[in-house]
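Right, one structure below, let's go through it.
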Number of protein chains: 2
Amino acid sequence: MRVLGIDPGLTRCGMGVVDGSVGRPLTLVDVNVLRTSADRPVAERLVTIEKGVDAWLDEHRPDAVAIERVFARSDVSTVMGTAQASGIAMVCAARRGLPVALHTPSEVKAAVSGNGRADKAQVGAMVTRILRLDAMPKPADAADALALAITHIWRGGAQARIDQALAAATARARSRR
Amino acid sequence: MRVLGIDPGLTRCGMGVVDGSVGRPLTLVDVNVLRTSADRPVAERLVTIEKGVDAWLDEHRPDAVAIERVFARSDVSTVMGTAQASGIAMVCAARRGLPVALHTPSEVKAAVSGNGRADKAQVGAMVTRILRLDAMPKPADAADALALAITHIWRGGAQARIDQALAAATARARSRR
């Protein structure tokens, strides 16, 4: 199974491709960070992100795309851009019929390090070990994207089915309100 | 000048097309609300919105697209979807090289009603009057999309140039920090 992990962001969007399956060693295929300039209009920056994600989907042909689930944080201006970048990444994948999974930062930290509150350095160190790399991927967005891909492979399809069932149940509960 | 106004949302995305120029009567060209079901995955819903916006850009060939600027509000789950939908709308327009303008809700309210704190009913009533319609566009998302298009025409190109200069100045200030 090949997974493209995406750590969405308007200024830096991490992308990491990992091959592997549960219980087998995982392999790094490619990792990169898309950058867009804060001097440019948001619409243009989002088009740059769309092109970058599309180019990687063409090149690496992943079986699934794992994207960090965005939550509101203190810096509202950043979270809006992150939400928009994640939306673009989702559309790029869904347009091709690829499964899209969203993992929260704490799910990713827990999956790769066993601790849902691990810091950036711990996540980076575990990604380096899991993928048997010579050096820690830099910047942190690159390591985070790889951690997302690893998480997706390890959590496997079972989790995707649980998430789908939960989403359907939530939607039913909402429609009854 | 023909403007497509978009009131972005995951569940309901309002789209309104208005023809006209400053100091002349404005004309309603078309108005619609794209709906996507909360039962479906977000990625799929965003693809539906992308298709809907693209179809309208093909059909109506606007000169510019005006989108509501999204702010964080109390309901965080809604604002994330709204930010994602607005990102998709921006990309659809920018991919075609169309100018994208963002207007805040209070700018829109002030432009159509003279009061930046007008309520939905007041905005709807003013849109109905400005476009000389027989009835108020329903639901509110439809009226809001038309109000965005009207605002864009009335605020004109001067405002777009001011916004661009401000954005560039902010970016320069940030890069100096």
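By convention in this document, the chains of the structure tokens carry letters A, B, ... by their order, each chain's residues are numbered from 1, and ligands are numbered from 1 in the order they are shown.
If we count only C-alpha atoms, these residues of chain A sit within 7 Å of chain B: Ala38, Asp39, Ala43, Glu44, Leu46, Val47, Ala72, Val76, Met80, Ala83, Gln84, Gly87, Ile88, Met90, Val91, Ala94, Arg95, Ala168 and Ala171 of chain A.
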Since we have the selection now, will you write its residues out, keeping C-alpha atoms, as a PDB file, in the first residue's frame?
```
ATOM      1  CA  ALA A  38       2.571  35.410   1.794  1.00  0.00           C
ATOM      2  CA  ASP A  39       2.998  38.276  -0.722  1.00  0.00           C
ATOM      3  CA  ALA A  43      -6.480  32.330  -4.308  1.00  0.00           C
ATOM      4  CA  GLU A  44      -3.198  32.158  -6.219  1.00  0.00           C
ATOM      5  CA  LEU A  46      -4.208  27.777  -3.237  1.00  0.00           C
ATOM      6  CA  VAL A  47      -3.827  27.181  -6.987  1.00  0.00           C
ATOM      7  CA  ALA A  72      -9.339  25.885  15.393  1.00  0.00           C
ATOM      8  CA  VAL A  76      -7.207  32.284  13.614  1.00  0.00           C
ATOM      9  CA  MET A  80      -8.266  29.551   7.971  1.00  0.00           C
ATOM     10  CA  ALA A  83      -8.388  24.680   6.441  1.00  0.00           C
ATOM     11  CA  GLN A  84      -8.419  25.998   2.873  1.00  0.00           C
ATOM     12  CA  GLY A  87      -9.815  21.382   1.439  1.00  0.00           C
ATOM     13  CA  ILE A  88      -7.787  21.701  -1.779  1.00  0.00           C
ATOM     14  CA  MET A  90      -9.017  16.647  -0.235  1.00  0.00           C
ATOM     15  CA  VAL A  91     -10.524  17.722  -3.565  1.00  0.00           C
ATOM     16  CA  ALA A  94     -11.388  12.802  -4.152  1.00  0.00           C
ATOM     17  CA  ARG A  95     -11.580  13.964  -7.790  1.00  0.00           C
ATOM     18  CA  ALA A 168     -22.925   8.322   9.398  1.00  0.00           C
ATOM     19  CA  ALA A 171     -25.173  12.720  10.501  1.00  0.00           C
TER      20      ALA A 171
END
```
For this session: Would you return as number ranges by chain the members of range 1-164 of chain A that DSSP assigns to strand (DSSP E) on this structure's backbone?
Result: A: 2-7, 12-19, 27-35, 64-68, 100-103
Tell me, as an mmCIF file with C-alpha atoms, in the first residue's frame, which residues lie within 12 Å of Leu4 in chain B, counting only C-alpha atoms; anything in the same chain fewer than 2 positions away does not count.
```cif
data_model
loop_
_atom_site.group_PDB
_atom_site.id
_atom_site.type_symbol
_atom_site.label_atom_id
_atom_site.label_comp_id
_atom_site.auth_asym_id
_atom_site.auth_seq_id
_atom_site.Cartn_x
_atom_site.Cartn_y
_atom_site.Cartn_z
ATOM 1 C CA MET B 1 -19.320 44.115 -15.567
ATOM 2 C CA ARG B 2 -20.592 40.675 -14.550
ATOM 3 C CA ILE B 6 -20.384 33.272 -3.588
ATOM 4 C CA ASP B 7 -21.545 32.807 0.011
ATOM 5 C CA GLY B 14 -25.062 30.483 -2.344
ATOM 6 C CA MET B 15 -24.172 31.663 -5.861
ATOM 7 C CA GLY B 16 -25.533 34.829 -7.470
ATOM 8 C CA VAL B 17 -24.639 36.505 -10.763
ATOM 9 C CA VAL B 18 -25.231 40.233 -11.238
ATOM 10 C CA ASP B 19 -24.592 42.483 -14.251
ATOM 11 C CA GLY B 20 -23.975 46.203 -13.978
ATOM 12 C CA LEU B 28 -29.966 39.762 -11.696
ATOM 13 C CA VAL B 29 -28.610 37.166 -14.114
ATOM 14 C CA ASP B 30 -29.030 33.973 -12.063
ATOM 15 C CA VAL B 31 -29.083 32.776 -8.470
ATOM 16 C CA ASN B 32 -28.827 29.322 -6.917
ATOM 17 C CA VAL B 53 -18.891 26.513 -9.147
ATOM 18 C CA ASP B 54 -17.094 25.386 -12.313
ATOM 19 C CA TRP B 56 -21.532 28.352 -13.216
ATOM 20 C CA LEU B 57 -18.248 29.877 -14.341
ATOM 21 C CA ASP B 58 -18.681 28.034 -17.663
ATOM 22 C CA GLU B 59 -22.285 29.106 -18.032
ATOM 23 C CA HIS B 60 -22.131 32.737 -16.891
ATOM 24 C CA ARG B 61 -18.538 33.781 -17.721
ATOM 25 C CA PRO B 62 -18.237 36.429 -14.984
ATOM 26 C CA ASP B 63 -15.513 39.110 -15.088
ATOM 27 C CA ALA B 64 -14.791 38.701 -11.380
ATOM 28 C CA VAL B 65 -15.713 36.487 -8.419
ATOM 29 C CA ALA B 66 -16.588 37.970 -5.005
ATOM 30 C CA ILE B 67 -16.446 35.585 -2.043
ATOM 31 C CA GLU B 68 -17.366 36.165 1.591
ATOM 32 C CA ALA B 89 -14.383 28.616 -4.841
ATOM 33 C CA MET B 90 -11.196 30.722 -4.886
ATOM 34 C CA CYS B 92 -12.039 27.558 -9.335
ATOM 35 C CA ALA B 93 -11.874 31.284 -10.139
ATOM 36 C CA LEU B 98 -10.395 35.556 -12.862
ATOM 37 C CA PRO B 99 -9.918 38.255 -10.203
ATOM 38 C CA VAL B 100 -11.031 37.008 -6.775
ATOM 39 C CA ALA B 101 -12.176 39.546 -4.179
ATOM 40 C CA LEU B 102 -12.996 38.803 -0.553
ATOM 41 C CA ALA B 142 -28.996 33.126 -2.170
ATOM 42 C CA ASP B 144 -26.180 36.901 0.551
ATOM 43 C CA ALA B 145 -24.478 35.733 -2.656
ATOM 44 C CA LEU B 146 -26.289 38.448 -4.640
ATOM 45 C CA ALA B 147 -25.371 41.026 -1.972
ATOM 46 C CA LEU B 148 -21.700 40.018 -2.416
ATOM 47 C CA ALA B 149 -21.909 40.530 -6.183
ATOM 48 C CA ILE B 150 -23.625 43.934 -5.711
ATOM 49 C CA THR B 151 -20.996 44.970 -3.149
ATOM 50 C CA HIS B 152 -18.220 44.046 -5.532
ATOM 51 C CA ILE B 153 -19.665 46.104 -8.381
#
```
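All residues of protein, DNA or RNA that reach within 10 Å of Val123 in chain B, judged by only C-alpha atoms and not counting those fewer than 2 positions away in the chain, are Val108, Lys109, Ala110, Ala111, Val112, Ser113, Gly114, Asn115, Arg117, Ala118, Asp119, Lys120, Ala121, Ala125, Met126, Val127, Thr128, Arg129, Met136, Ala140, Ala143, Asp144, Leu146 and Ala147 of chain B.
Reported to one decimal place, the separation of CA of Val22 in chain B from CA of Arg155 in chain B is 8.2 Å.
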Problem set entry | Per-residue DSSP, range 73-148 of chain A, filtered to alpha helix (DSSP H), as a ChimeraX atom specification | /A:76-95,105-113,120-130,140-148
Restricted to N, CA and C atoms, what would the selected residues look like written as a tab-separated table (two decimals), in the first residue's frame?
```
chain	number	residue	atom	x	y	z
A	76	VAL	N	-6.08	32.47	14.52
A	76	VAL	CA	-7.21	32.28	13.61
A	76	VAL	C	-6.82	32.48	12.16
A	77	SER	N	-5.94	33.45	11.87
A	77	SER	CA	-5.59	33.72	10.48
A	77	SER	C	-4.88	32.51	9.87
A	78	THR	N	-4.07	31.83	10.66
A	78	THR	CA	-3.36	30.65	10.17
A	78	THR	C	-4.31	29.49	9.95
A	79	VAL	N	-5.25	29.31	10.87
A	79	VAL	CA	-6.12	28.14	10.79
A	79	VAL	C	-7.03	28.21	9.56
A	80	MET	N	-7.42	29.41	9.17
A	80	MET	CA	-8.27	29.55	7.97
A	80	MET	C	-7.50	29.08	6.73
A	81	GLY	N	-6.26	29.53	6.60
A	81	GLY	CA	-5.43	29.13	5.47
A	81	GLY	C	-5.17	27.62	5.48
A	82	THR	N	-4.95	27.07	6.67
A	82	THR	CA	-4.71	25.64	6.79
A	82	THR	C	-5.96	24.86	6.38
A	83	ALA	N	-7.13	25.34	6.81
A	83	ALA	CA	-8.39	24.68	6.44
A	83	ALA	C	-8.57	24.73	4.92
A	84	GLN	N	-8.27	25.87	4.32
A	84	GLN	CA	-8.42	26.00	2.87
A	84	GLN	C	-7.45	25.07	2.14
A	85	ALA	N	-6.20	25.03	2.59
A	85	ALA	CA	-5.21	24.15	1.95
A	85	ALA	C	-5.64	22.68	2.09
A	86	SER	N	-6.18	22.32	3.26
A	86	SER	CA	-6.61	20.92	3.45
A	86	SER	C	-7.79	20.61	2.54
A	87	GLY	N	-8.67	21.59	2.35
A	87	GLY	CA	-9.81	21.38	1.44
A	87	GLY	C	-9.34	21.12	0.02
A	88	ILE	N	-8.33	21.88	-0.43
A	88	ILE	CA	-7.79	21.70	-1.78
A	88	ILE	C	-7.17	20.30	-1.91
A	89	ALA	N	-6.41	19.89	-0.89
A	89	ALA	CA	-5.77	18.57	-0.94
A	89	ALA	C	-6.84	17.47	-1.01
A	90	MET	N	-7.93	17.64	-0.21
A	90	MET	CA	-9.02	16.65	-0.23
A	90	MET	C	-9.65	16.54	-1.62
A	91	VAL	N	-9.89	17.71	-2.25
A	91	VAL	CA	-10.52	17.72	-3.56
A	91	VAL	C	-9.62	17.07	-4.60
A	92	CYS	N	-8.31	17.35	-4.55
A	92	CYS	CA	-7.37	16.75	-5.51
A	92	CYS	C	-7.46	15.22	-5.45
A	93	ALA	N	-7.54	14.69	-4.22
A	93	ALA	CA	-7.60	13.23	-4.05
A	93	ALA	C	-8.97	12.68	-4.44
A	94	ALA	N	-10.03	13.33	-3.94
A	94	ALA	CA	-11.39	12.80	-4.15
A	94	ALA	C	-11.79	12.85	-5.62
A	95	ARG	N	-11.30	13.87	-6.35
A	95	ARG	CA	-11.58	13.96	-7.79
A	95	ARG	C	-11.10	12.73	-8.53
A	105	PRO	N	-3.80	15.48	14.92
A	105	PRO	CA	-2.39	15.52	15.34
A	105	PRO	C	-2.11	14.53	16.48
A	106	SER	N	-3.04	14.40	17.44
A	106	SER	CA	-2.75	13.49	18.55
A	106	SER	C	-2.82	12.02	18.12
A	107	GLU	N	-3.67	11.70	17.16
A	107	GLU	CA	-3.69	10.33	16.62
A	107	GLU	C	-2.34	10.00	15.96
A	108	VAL	N	-1.82	10.98	15.23
A	108	VAL	CA	-0.54	10.78	14.53
A	108	VAL	C	0.59	10.61	15.54
A	109	LYS	N	0.62	11.50	16.53
A	109	LYS	CA	1.67	11.42	17.56
A	109	LYS	C	1.61	10.09	18.29
A	110	ALA	N	0.38	9.67	18.63
A	110	ALA	CA	0.21	8.40	19.35
A	110	ALA	C	0.65	7.23	18.48
A	111	ALA	N	0.31	7.27	17.19
A	111	ALA	CA	0.63	6.14	16.30
A	111	ALA	C	2.14	5.98	16.13
A	112	VAL	N	2.87	7.08	15.92
A	112	VAL	CA	4.29	6.94	15.63
A	112	VAL	C	5.16	6.88	16.88
A	113	SER	N	4.70	7.48	18.00
A	113	SER	CA	5.57	7.55	19.18
A	113	SER	C	4.97	6.89	20.42
A	120	LYS	N	7.38	17.92	18.45
A	120	LYS	CA	7.85	17.82	17.06
A	120	LYS	C	9.13	16.99	16.94
A	121	ALA	N	10.06	17.20	17.88
A	121	ALA	CA	11.35	16.51	17.81
A	121	ALA	C	11.16	15.01	17.99
A	122	GLN	N	10.26	14.62	18.92
A	122	GLN	CA	10.02	13.19	19.16
A	122	GLN	C	9.38	12.54	17.92
A	123	VAL	N	8.42	13.25	17.31
A	123	VAL	CA	7.77	12.72	16.10
A	123	VAL	C	8.82	12.57	14.99
A	124	GLY	N	9.65	13.62	14.81
A	124	GLY	CA	10.69	13.57	13.79
A	124	GLY	C	11.66	12.42	14.01
A	125	ALA	N	12.05	12.20	15.27
A	125	ALA	CA	12.99	11.12	15.60
A	125	ALA	C	12.37	9.75	15.30
A	126	MET	N	11.08	9.59	15.64
A	126	MET	CA	10.42	8.30	15.39
A	126	MET	C	10.25	8.04	13.90
A	127	VAL	N	9.90	9.10	13.14
A	127	VAL	CA	9.76	8.95	11.68
A	127	VAL	C	11.10	8.50	11.08
A	128	THR	N	12.18	9.11	11.55
A	128	THR	CA	13.52	8.78	11.07
A	128	THR	C	13.84	7.31	11.34
A	129	ARG	N	13.46	6.84	12.53
A	129	ARG	CA	13.71	5.44	12.93
A	129	ARG	C	12.83	4.47	12.15
A	130	ILE	N	11.53	4.79	12.09
A	130	ILE	CA	10.58	3.89	11.42
A	130	ILE	C	10.95	3.70	9.95
A	140	ALA	N	9.89	20.51	9.88
A	140	ALA	CA	8.96	19.67	10.64
A	140	ALA	C	7.76	19.25	9.79
A	141	ASP	N	7.34	20.12	8.85
A	141	ASP	CA	6.19	19.80	8.00
A	141	ASP	C	6.44	18.55	7.16
A	142	ALA	N	7.70	18.33	6.77
A	142	ALA	CA	8.06	17.15	5.99
A	142	ALA	C	7.92	15.90	6.86
A	143	ALA	N	8.46	15.97	8.09
A	143	ALA	CA	8.36	14.83	9.02
A	143	ALA	C	6.90	14.56	9.37
A	144	ASP	N	6.11	15.62	9.56
A	144	ASP	CA	4.70	15.45	9.91
A	144	ASP	C	3.92	14.77	8.79
A	145	ALA	N	4.24	15.12	7.55
A	145	ALA	CA	3.56	14.50	6.41
A	145	ALA	C	3.87	13.01	6.36
A	146	LEU	N	5.14	12.66	6.62
A	146	LEU	CA	5.52	11.24	6.63
A	146	LEU	C	4.84	10.52	7.80
A	147	ALA	N	4.75	11.20	8.95
A	147	ALA	CA	4.09	10.60	10.12
A	147	ALA	C	2.62	10.31	9.81
A	148	LEU	N	1.99	11.20	9.04
A	148	LEU	CA	0.59	10.99	8.64
A	148	LEU	C	0.46	9.74	7.77
```
